[in-house]
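Undergrad: Enclosed is the structure file protein-v2.tsv (TSV, C-alpha atoms and all ligand atoms).
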chain	number	residue	atom	x	y	z
A	1	MET	CA	-24.37	12.66	-10.46
A	2	ILE	CA	-20.77	13.85	-10.12
A	3	GLU	CA	-19.17	15.52	-13.12
A	4	TYR	CA	-15.41	15.55	-13.65
A	5	THR	CA	-13.63	18.23	-15.66
A	6	ASN	CA	-10.32	20.01	-16.17
A	7	ASP	CA	-12.10	23.04	-17.65
A	8	LEU	CA	-11.26	25.98	-15.38
A	9	SER	CA	-13.95	28.15	-16.97
A	10	ARG	CA	-16.39	25.98	-14.99
A	11	LEU	CA	-15.20	27.69	-11.79
A	12	GLU	CA	-17.30	30.75	-12.65
A	13	GLY	CA	-20.42	30.76	-10.50
A	14	LEU	CA	-19.46	27.62	-8.56
A	15	ASN	CA	-19.82	27.39	-4.80
A	16	LEU	CA	-16.28	26.75	-3.51
A	17	GLU	CA	-17.09	26.73	0.22
A	18	GLY	CA	-16.44	23.88	2.67
A	19	PHE	CA	-12.84	22.85	1.96
A	20	PHE	CA	-9.71	22.96	4.17
A	21	VAL	CA	-11.48	21.39	7.15
A	22	GLY	CA	-9.36	21.66	10.30
A	23	TRP	CA	-7.02	24.31	8.91
A	24	PRO	CA	-6.68	27.03	11.58
A	25	ASN	CA	-6.30	29.78	8.98
A	26	PRO	CA	-7.82	28.39	5.75
A	27	PRO	CA	-7.73	30.04	2.32
A	28	SER	CA	-11.01	31.76	1.41
A	29	SER	CA	-13.05	30.46	-1.52
A	30	GLU	CA	-11.78	33.45	-3.54
A	31	THR	CA	-8.21	32.38	-2.75
A	32	LEU	CA	-9.02	28.77	-3.64
A	33	LYS	CA	-10.27	30.00	-7.01
A	34	LYS	CA	-6.95	31.82	-7.52
A	35	ILE	CA	-4.95	28.72	-6.51
A	36	LEU	CA	-6.81	26.59	-9.04
A	37	THR	CA	-6.60	29.20	-11.80
A	38	ASN	CA	-2.83	29.59	-11.28
A	39	SER	CA	-2.15	25.81	-11.40
A	40	GLN	CA	-1.02	24.17	-14.65
A	41	HIS	CA	-3.13	21.08	-14.01
A	42	VAL	CA	-6.48	20.90	-12.23
A	43	ILE	CA	-9.21	18.26	-12.03
A	44	LEU	CA	-12.54	19.34	-10.57
A	45	ALA	CA	-15.40	17.20	-9.28
A	46	LEU	CA	-18.76	19.00	-9.46
A	47	ASP	CA	-22.21	18.28	-8.14
A	48	ALA	CA	-24.41	20.81	-9.96
A	49	ASN	CA	-23.00	24.22	-8.92
A	50	GLN	CA	-21.06	22.88	-5.91
A	51	LEU	CA	-17.34	22.08	-6.15
A	52	VAL	CA	-17.11	18.81	-4.21
A	53	GLY	CA	-13.50	17.84	-4.90
A	54	PHE	CA	-10.35	19.06	-6.56
A	55	ILE	CA	-6.71	18.20	-7.18
A	56	ASN	CA	-4.07	20.52	-8.60
A	57	ALA	CA	-0.52	20.15	-9.90
A	58	LEU	CA	2.37	22.48	-10.64
A	59	SER	CA	5.21	21.65	-13.00
A	60	ASP	CA	8.35	22.89	-14.74
A	61	GLY	CA	6.90	21.70	-18.03
A	62	VAL	CA	9.79	19.25	-18.60
A	63	LEU	CA	10.74	16.80	-15.84
A	64	SER	CA	8.96	17.54	-12.64
A	65	SER	CA	5.45	17.86	-11.35
A	66	TYR	CA	4.12	18.37	-7.84
A	67	ILE	CA	0.65	17.81	-6.41
A	68	PRO	CA	0.11	20.30	-3.56
A	69	LEU	CA	-3.60	19.81	-2.83
A	70	LEU	CA	-6.22	17.08	-2.99
A	71	GLU	CA	-9.51	17.65	-1.22
A	72	VAL	CA	-12.98	16.11	-1.24
A	73	LEU	CA	-15.78	17.74	0.79
A	74	PRO	CA	-16.47	15.67	3.94
A	75	ALA	CA	-20.06	14.91	2.89
A	76	TYR	CA	-18.77	13.46	-0.40
A	77	GLN	CA	-15.88	11.38	0.95
A	78	GLY	CA	-15.90	7.60	0.64
A	79	GLN	CA	-17.68	7.61	-2.73
A	80	GLY	CA	-14.64	7.15	-4.97
A	81	ILE	CA	-14.30	10.83	-5.89
A	82	GLY	CA	-10.79	11.28	-4.48
A	83	LYS	CA	-9.58	8.16	-6.24
A	84	LYS	CA	-11.12	9.23	-9.56
A	85	ILE	CA	-9.65	12.75	-9.60
A	86	THR	CA	-6.23	11.47	-8.49
A	87	GLN	CA	-6.24	8.82	-11.24
A	88	ARG	CA	-7.19	11.48	-13.79
A	89	MET	CA	-4.40	13.74	-12.58
A	90	LEU	CA	-1.82	10.93	-12.69
A	91	GLU	CA	-2.90	10.26	-16.28
A	92	GLU	CA	-2.41	13.98	-17.13
A	93	LEU	CA	1.04	13.94	-15.52
A	94	LYS	CA	2.29	10.65	-16.95
A	95	SER	CA	4.75	12.35	-19.32
A	96	TYR	CA	6.70	13.77	-16.35
A	97	TYR	CA	9.63	11.85	-14.92
A	98	MET	CA	8.84	13.09	-11.40
A	99	ILE	CA	5.39	13.19	-9.82
A	100	ASP	CA	5.78	14.18	-6.18
A	101	LEU	CA	3.54	14.98	-3.25
A	102	SER	CA	3.74	15.01	0.48
A	103	CYS	CA	1.02	13.74	2.82
A	104	ASP	CA	0.15	12.76	6.37
A	105	ASP	CA	0.68	9.15	7.51
A	106	GLN	CA	-3.03	8.27	7.41
A	107	VAL	CA	-3.29	9.09	3.68
A	108	VAL	CA	-0.29	6.93	2.68
A	109	PRO	CA	-2.46	3.82	1.96
A	110	PHE	CA	-4.75	5.92	-0.28
A	111	TYR	CA	-1.81	6.96	-2.46
A	112	GLU	CA	-0.13	3.52	-2.33
A	113	GLN	CA	-3.19	1.87	-3.88
A	114	LEU	CA	-2.83	4.35	-6.74
A	115	GLY	CA	0.76	3.28	-7.38
A	116	LEU	CA	2.71	5.95	-5.49
A	117	ARG	CA	5.57	4.90	-3.28
A	118	LYS	CA	6.54	6.18	0.16
A	119	ASN	CA	9.70	8.24	0.39
A	120	ASN	CA	11.24	10.93	2.57
A	121	SER	CA	9.86	14.42	2.12
A	122	MET	CA	11.27	17.62	3.64
A	123	PHE	CA	9.14	20.67	4.21
A	124	LEU	CA	8.71	24.07	5.81
A	125	ARG	CA	5.38	25.69	6.66
A	126	ASN	CA	4.95	29.44	7.13
A	127	TYR	CA	1.78	29.30	9.20
A	128	ASP	CA	1.38	33.09	9.23
A	129	VAL	CA	0.47	32.91	5.51
A	130	GLN	CA	-1.58	29.68	5.62
A	131	SER	CA	-4.63	31.47	4.17
A	132	GLY	CA	-2.63	32.68	1.15
A	133	LYS	CA	-0.01	35.36	0.76
A	134	VAL	CA	-0.53	38.92	-0.41
A	135	PRO	CA	0.65	39.21	-4.05
A	136	THR	CA	4.11	40.77	-4.49
A	137	SER	CA	5.09	43.29	-7.13
A	138	ARG	CA	5.89	40.35	-9.45
A	139	GLY	CA	2.24	39.37	-9.13
A	140	ILE	CA	2.92	35.91	-7.74
B	201	LIG	C1	-7.99	11.73	1.18
B	201	LIG	C2	-9.28	12.06	0.42
B	201	LIG	C3	-8.98	13.01	-0.73
B	201	LIG	C4	-9.87	10.76	-0.13
B	201	LIG	O1	-10.98	11.09	-0.93
B	201	LIG	P1	-12.28	10.16	-0.96
B	201	LIG	O2	-13.13	10.62	-2.07
B	201	LIG	O3	-12.89	10.10	0.39
B	201	LIG	O4	-11.61	8.74	-1.27
B	201	LIG	P2	-12.26	7.58	-2.16
B	201	LIG	O5	-13.69	7.41	-1.78
B	201	LIG	O6	-11.95	7.85	-3.58
B	201	LIG	O7	-11.42	6.35	-1.66
B	201	LIG	C5	-10.72	5.56	-2.55
B	201	LIG	C6	-10.09	4.44	-1.79
B	201	LIG	O8	-9.14	4.97	-0.87
B	201	LIG	C7	-9.47	4.58	0.47
B	201	LIG	N1	-9.25	5.74	1.31
B	201	LIG	C8	-9.88	6.91	1.29
B	201	LIG	N2	-9.37	7.76	2.22
B	201	LIG	C9	-8.37	7.07	2.80
B	201	LIG	C10	-7.47	7.39	3.82
B	201	LIG	N3	-7.45	8.58	4.44
B	201	LIG	N4	-6.59	6.45	4.16
B	201	LIG	C11	-6.57	5.25	3.58
B	201	LIG	N5	-7.40	4.88	2.58
B	201	LIG	C12	-8.29	5.79	2.22
B	201	LIG	C13	-10.93	4.19	0.41
B	201	LIG	O9	-11.23	3.23	1.40
B	201	LIG	C14	-11.07	3.61	-0.98
B	201	LIG	O10	-10.61	2.28	-1.02
B	201	LIG	P3	-11.26	1.22	-2.04
B	201	LIG	O11	-10.98	1.74	-3.44
B	201	LIG	O12	-10.55	-0.05	-1.71
B	201	LIG	O13	-12.73	1.21	-1.71
B	201	LIG	C15	-10.35	12.69	1.36
B	201	LIG	O14	-10.53	11.84	2.47
B	201	LIG	C16	-10.02	14.09	1.83
B	201	LIG	O15	-10.33	15.08	1.15
B	201	LIG	N6	-9.39	14.20	3.02
B	201	LIG	C17	-9.06	15.50	3.58
B	201	LIG	C18	-7.94	16.18	2.83
B	201	LIG	C19	-6.72	15.30	2.67
B	201	LIG	O16	-6.28	14.62	3.58
B	201	LIG	N7	-6.14	15.35	1.47
B	201	LIG	C20	-4.94	14.68	1.11
B	201	LIG	C21	-3.85	15.68	1.21
B	201	LIG	S1	-2.28	15.01	0.79
Using structure tokens, write down the structure from this file.
Ligand SMILES: CC(C)(COP(=O)(O)OP(=O)(O)OC[C@H]1O[C@@H](n2cnc3c(N)ncnc32)[C@H](O)[C@@H]1OP(=O)(O)O)[C@@H](O)C(=O)NCCC(=O)NCCS
TA:
Amino acid sequence: MIEYTNDLSRLEGLNLEGFFVGWPNPPSSETLKKILTNSQHVILALDANQLVGFINALSDGVLSSYIPLLEVLPAYQGQGIGKKITQRMLEELKSYYMIDLSCDDQVVPFYEQLGLRKNNSMFLRNYDVQSGKVPTSRGI
């Protein structure tokens, strides 16, 4: 039975292992916890004490929101979890004019069925800090 929540206090004591499959230098589960805690919007999918899926969003609180990460554990994919947490996030973000994300070609149909439209996206990746950067003196 999968449980869905936006309650970040539920992260305490959860197993956060198993995400970022295929990333050469993935964030640790401690870093994932920090990413989720620092995000304005988070939807978690839980199976007992295992985090099995998550989506997060950042925003300026007025016009714009951005979804950086959506992940479902491989063993839990194809069961509707990704669709459910994305729908819940889109509902949370519906007061923003802009809801943006960037994704690989093979995930375009997944997002299209949820109402998102394909557009150009420009990006840079600093692969030397793929696992998460060391906090600066500003603490971010
Ligand atoms: C993409 C991802 C989140 C989908 O999660 P999921 O729980 O497996 O997806 P669901 O079971 O909710 O699928 C919902 C629907 O999308 C379709 N779908 C799922 N993954 C898809 C994909 N990669 N491409 C196209 N359609 C896809 C399913 O067939 C299903 O269709 P249906 O509603 O007609 O049956 C998951 O495959 C994943 O974590 N992938 C690795 C990380 C990733 O690529 N994240 C996206 C970053 S932008």
Undergrad: A:Leu11, A:Leu36, A:Ile99, A:Val72: which is nearest Asp60 of chain A, counting all atoms listed in the file?
TA: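 Ranked by minimum distance to Asp60 of chain A, first place goes to A:Ile99.
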Undergrad: Rounded to one decimal, what separation in Å do you get between atom O4 of ligand LIG 201 (chain B) and atom CA of Met1 of chain A?
TA: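 If I compute the distance from atom O4 of ligand LIG 201 (chain B) to atom CA of Met1 of chain A, I get 16.2 Å.
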Undergrad: Please give me, as an NGL selection string, the residues lying within 6 Å of ligand LIG 201 (chain B) when counting all atoms listed in the file.
TA: :A and (69-72 or 77-83 or 103 or 106-107 or 109-110)
Undergrad: Neighbours of Pro27 of chain A within 8 Å (only C-alpha atoms; same-chain residues fewer than 5 positions away dropped), as a PyMOL selection string?
TA: chain A and resi 20+32+130-132
Undergrad: Record the distance separating atom CA of Asn25 of chain A and atom CA of Ala75 of chain A, expressed in Å with one decimal.
TA: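 If I compute the distance from atom CA of Asn25 of chain A to atom CA of Ala75 of chain A, I get 21.2 Å.
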Undergrad: Would you kindly return, as an NGL selection string, each protein, DNA or RNA residue with an atom no farther than 12 Å from any atom of Asn120 of chain A, considering only C-alpha atoms and excluding same-chain residues fewer than 5 positions away?
TA: :A and (100-105)
Undergrad: Of the candidates A:Asp47, A:Glu92, A:Asp128, A:Glu3, which shows the shortest atom-to-atom distance to Ser65 of chain A, using only C-alpha atoms?
TA: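 Of the candidates, the smallest distance to Ser65 of chain A is held by A:Glu92.
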Undergrad: I'd like to know which of A:Val129, A:Leu93, A:Leu8, A:Met98 is closest to Ala45 of chain A, using only C-alpha atoms.
TA: A:Leu8
Undergrad: Take atom CA of Tyr4 of chain A and atom CA of Trp23 of chain A and report the distance between them in Å, one decimal.
TA: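 Straight-line distance from atom CA of Tyr4 of chain A to atom CA of Trp23 of chain A works out to 25.6 Å.
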Undergrad: Since the input lacks some atoms of segment 56-86 of chain A, please model N, CA and C atoms and print them as an mmCIF file, keeping the file's coordinate frame.
TA:
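What ended up in selection33.cif:
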data_model
loop_
_atom_site.group_PDB
_atom_site.id
_atom_site.type_symbol
_atom_site.label_atom_id
_atom_site.label_comp_id
_atom_site.auth_asym_id
_atom_site.auth_seq_id
_atom_site.Cartn_x
_atom_site.Cartn_y
_atom_site.Cartn_z
ATOM 1 N N ASN A 56 -4.836 19.648 -7.696
ATOM 2 C CA ASN A 56 -4.070 20.520 -8.600
ATOM 3 C C ASN A 56 -2.628 20.051 -8.676
ATOM 4 N N ALA A 57 -1.934 20.476 -9.753
ATOM 5 C CA ALA A 57 -0.520 20.150 -9.900
ATOM 6 C C ALA A 57 0.220 21.309 -10.543
ATOM 7 N N LEU A 58 1.455 21.468 -10.112
ATOM 8 C CA LEU A 58 2.370 22.480 -10.640
ATOM 9 C C LEU A 58 3.503 21.736 -11.332
ATOM 10 N N SER A 59 4.110 22.353 -12.340
ATOM 11 C CA SER A 59 5.210 21.650 -13.000
ATOM 12 C C SER A 59 6.192 22.618 -13.634
ATOM 13 N N ASP A 60 7.378 22.083 -13.995
ATOM 14 C CA ASP A 60 8.350 22.890 -14.740
ATOM 15 C C ASP A 60 8.173 22.686 -16.245
ATOM 16 N N GLY A 61 7.198 21.908 -16.618
ATOM 17 C CA GLY A 61 6.900 21.700 -18.030
ATOM 18 C C GLY A 61 7.839 20.715 -18.715
ATOM 19 N N VAL A 62 8.815 20.165 -17.987
ATOM 20 C CA VAL A 62 9.790 19.250 -18.600
ATOM 21 C C VAL A 62 9.886 17.939 -17.818
ATOM 22 N N LEU A 63 10.449 18.020 -16.613
ATOM 23 C CA LEU A 63 10.740 16.800 -15.840
ATOM 24 C C LEU A 63 9.836 16.568 -14.647
ATOM 25 N N SER A 64 9.466 17.680 -14.003
ATOM 26 C CA SER A 64 8.960 17.540 -12.640
ATOM 27 C C SER A 64 7.549 18.075 -12.483
ATOM 28 N N SER A 65 6.778 17.368 -11.686
ATOM 29 C CA SER A 65 5.450 17.860 -11.350
ATOM 30 C C SER A 65 5.205 17.607 -9.860
ATOM 31 N N TYR A 66 4.367 18.438 -9.274
ATOM 32 C CA TYR A 66 4.120 18.370 -7.840
ATOM 33 C C TYR A 66 2.637 18.587 -7.579
ATOM 34 N N ILE A 67 2.073 17.719 -6.766
ATOM 35 C CA ILE A 67 0.650 17.810 -6.410
ATOM 36 C C ILE A 67 0.552 18.405 -5.007
ATOM 37 N N PRO A 68 0.191 19.700 -4.889
ATOM 38 C CA PRO A 68 0.110 20.300 -3.560
ATOM 39 C C PRO A 68 -1.171 19.994 -2.816
ATOM 40 N N LEU A 69 -2.311 19.902 -3.521
ATOM 41 C CA LEU A 69 -3.600 19.810 -2.830
ATOM 42 C C LEU A 69 -4.507 18.755 -3.455
ATOM 43 N N LEU A 70 -5.148 18.001 -2.602
ATOM 44 C CA LEU A 70 -6.220 17.080 -2.990
ATOM 45 C C LEU A 70 -7.261 17.177 -1.879
ATOM 46 N N GLU A 71 -8.472 17.499 -2.240
ATOM 47 C CA GLU A 71 -9.510 17.650 -1.220
ATOM 48 C C GLU A 71 -10.856 17.179 -1.757
ATOM 49 N N VAL A 72 -11.592 16.459 -0.936
ATOM 50 C CA VAL A 72 -12.980 16.110 -1.240
ATOM 51 C C VAL A 72 -13.806 16.611 -0.049
ATOM 52 N N LEU A 73 -14.925 17.253 -0.312
ATOM 53 C CA LEU A 73 -15.780 17.740 0.790
ATOM 54 C C LEU A 73 -16.157 16.576 1.696
ATOM 55 N N PRO A 74 -16.166 16.779 3.027
ATOM 56 C CA PRO A 74 -16.470 15.670 3.940
ATOM 57 C C PRO A 74 -17.732 14.902 3.582
ATOM 58 N N ALA A 75 -18.793 15.598 3.190
ATOM 59 C CA ALA A 75 -20.060 14.910 2.890
ATOM 60 C C ALA A 75 -19.967 14.041 1.646
ATOM 61 N N TYR A 76 -18.921 14.210 0.855
ATOM 62 C CA TYR A 76 -18.770 13.460 -0.400
ATOM 63 C C TYR A 76 -17.637 12.435 -0.325
ATOM 64 N N GLN A 77 -16.986 12.338 0.831
ATOM 65 C CA GLN A 77 -15.880 11.380 0.950
ATOM 66 C C GLN A 77 -16.395 9.944 0.983
ATOM 67 N N GLY A 78 -15.544 9.019 0.602
ATOM 68 C CA GLY A 78 -15.900 7.600 0.640
ATOM 69 C C GLY A 78 -16.774 7.153 -0.507
ATOM 70 N N GLN A 79 -16.852 7.976 -1.564
ATOM 71 C CA GLN A 79 -17.680 7.610 -2.730
ATOM 72 C C GLN A 79 -16.830 7.413 -3.986
ATOM 73 N N GLY A 80 -15.511 7.370 -3.822
ATOM 74 C CA GLY A 80 -14.640 7.150 -4.970
ATOM 75 C C GLY A 80 -14.216 8.401 -5.704
ATOM 76 N N ILE A 81 -14.610 9.580 -5.185
ATOM 77 C CA ILE A 81 -14.300 10.830 -5.890
ATOM 78 C C ILE A 81 -12.793 11.150 -5.821
ATOM 79 N N GLY A 82 -12.215 11.001 -4.637
ATOM 80 C CA GLY A 82 -10.790 11.280 -4.480
ATOM 81 C C GLY A 82 -9.948 10.381 -5.372
ATOM 82 N N LYS A 83 -10.314 9.117 -5.414
ATOM 83 C CA LYS A 83 -9.580 8.160 -6.240
ATOM 84 C C LYS A 83 -9.690 8.547 -7.721
ATOM 85 N N LYS A 84 -10.892 8.896 -8.141
ATOM 86 C CA LYS A 84 -11.120 9.230 -9.560
ATOM 87 C C LYS A 84 -10.328 10.461 -9.973
ATOM 88 N N ILE A 85 -10.357 11.531 -9.179
ATOM 89 C CA ILE A 85 -9.650 12.750 -9.600
ATOM 90 C C ILE A 85 -8.135 12.559 -9.515
ATOM 91 N N THR A 86 -7.677 11.730 -8.571
ATOM 92 C CA THR A 86 -6.230 11.470 -8.490
ATOM 93 C C THR A 86 -5.792 10.634 -9.691
#
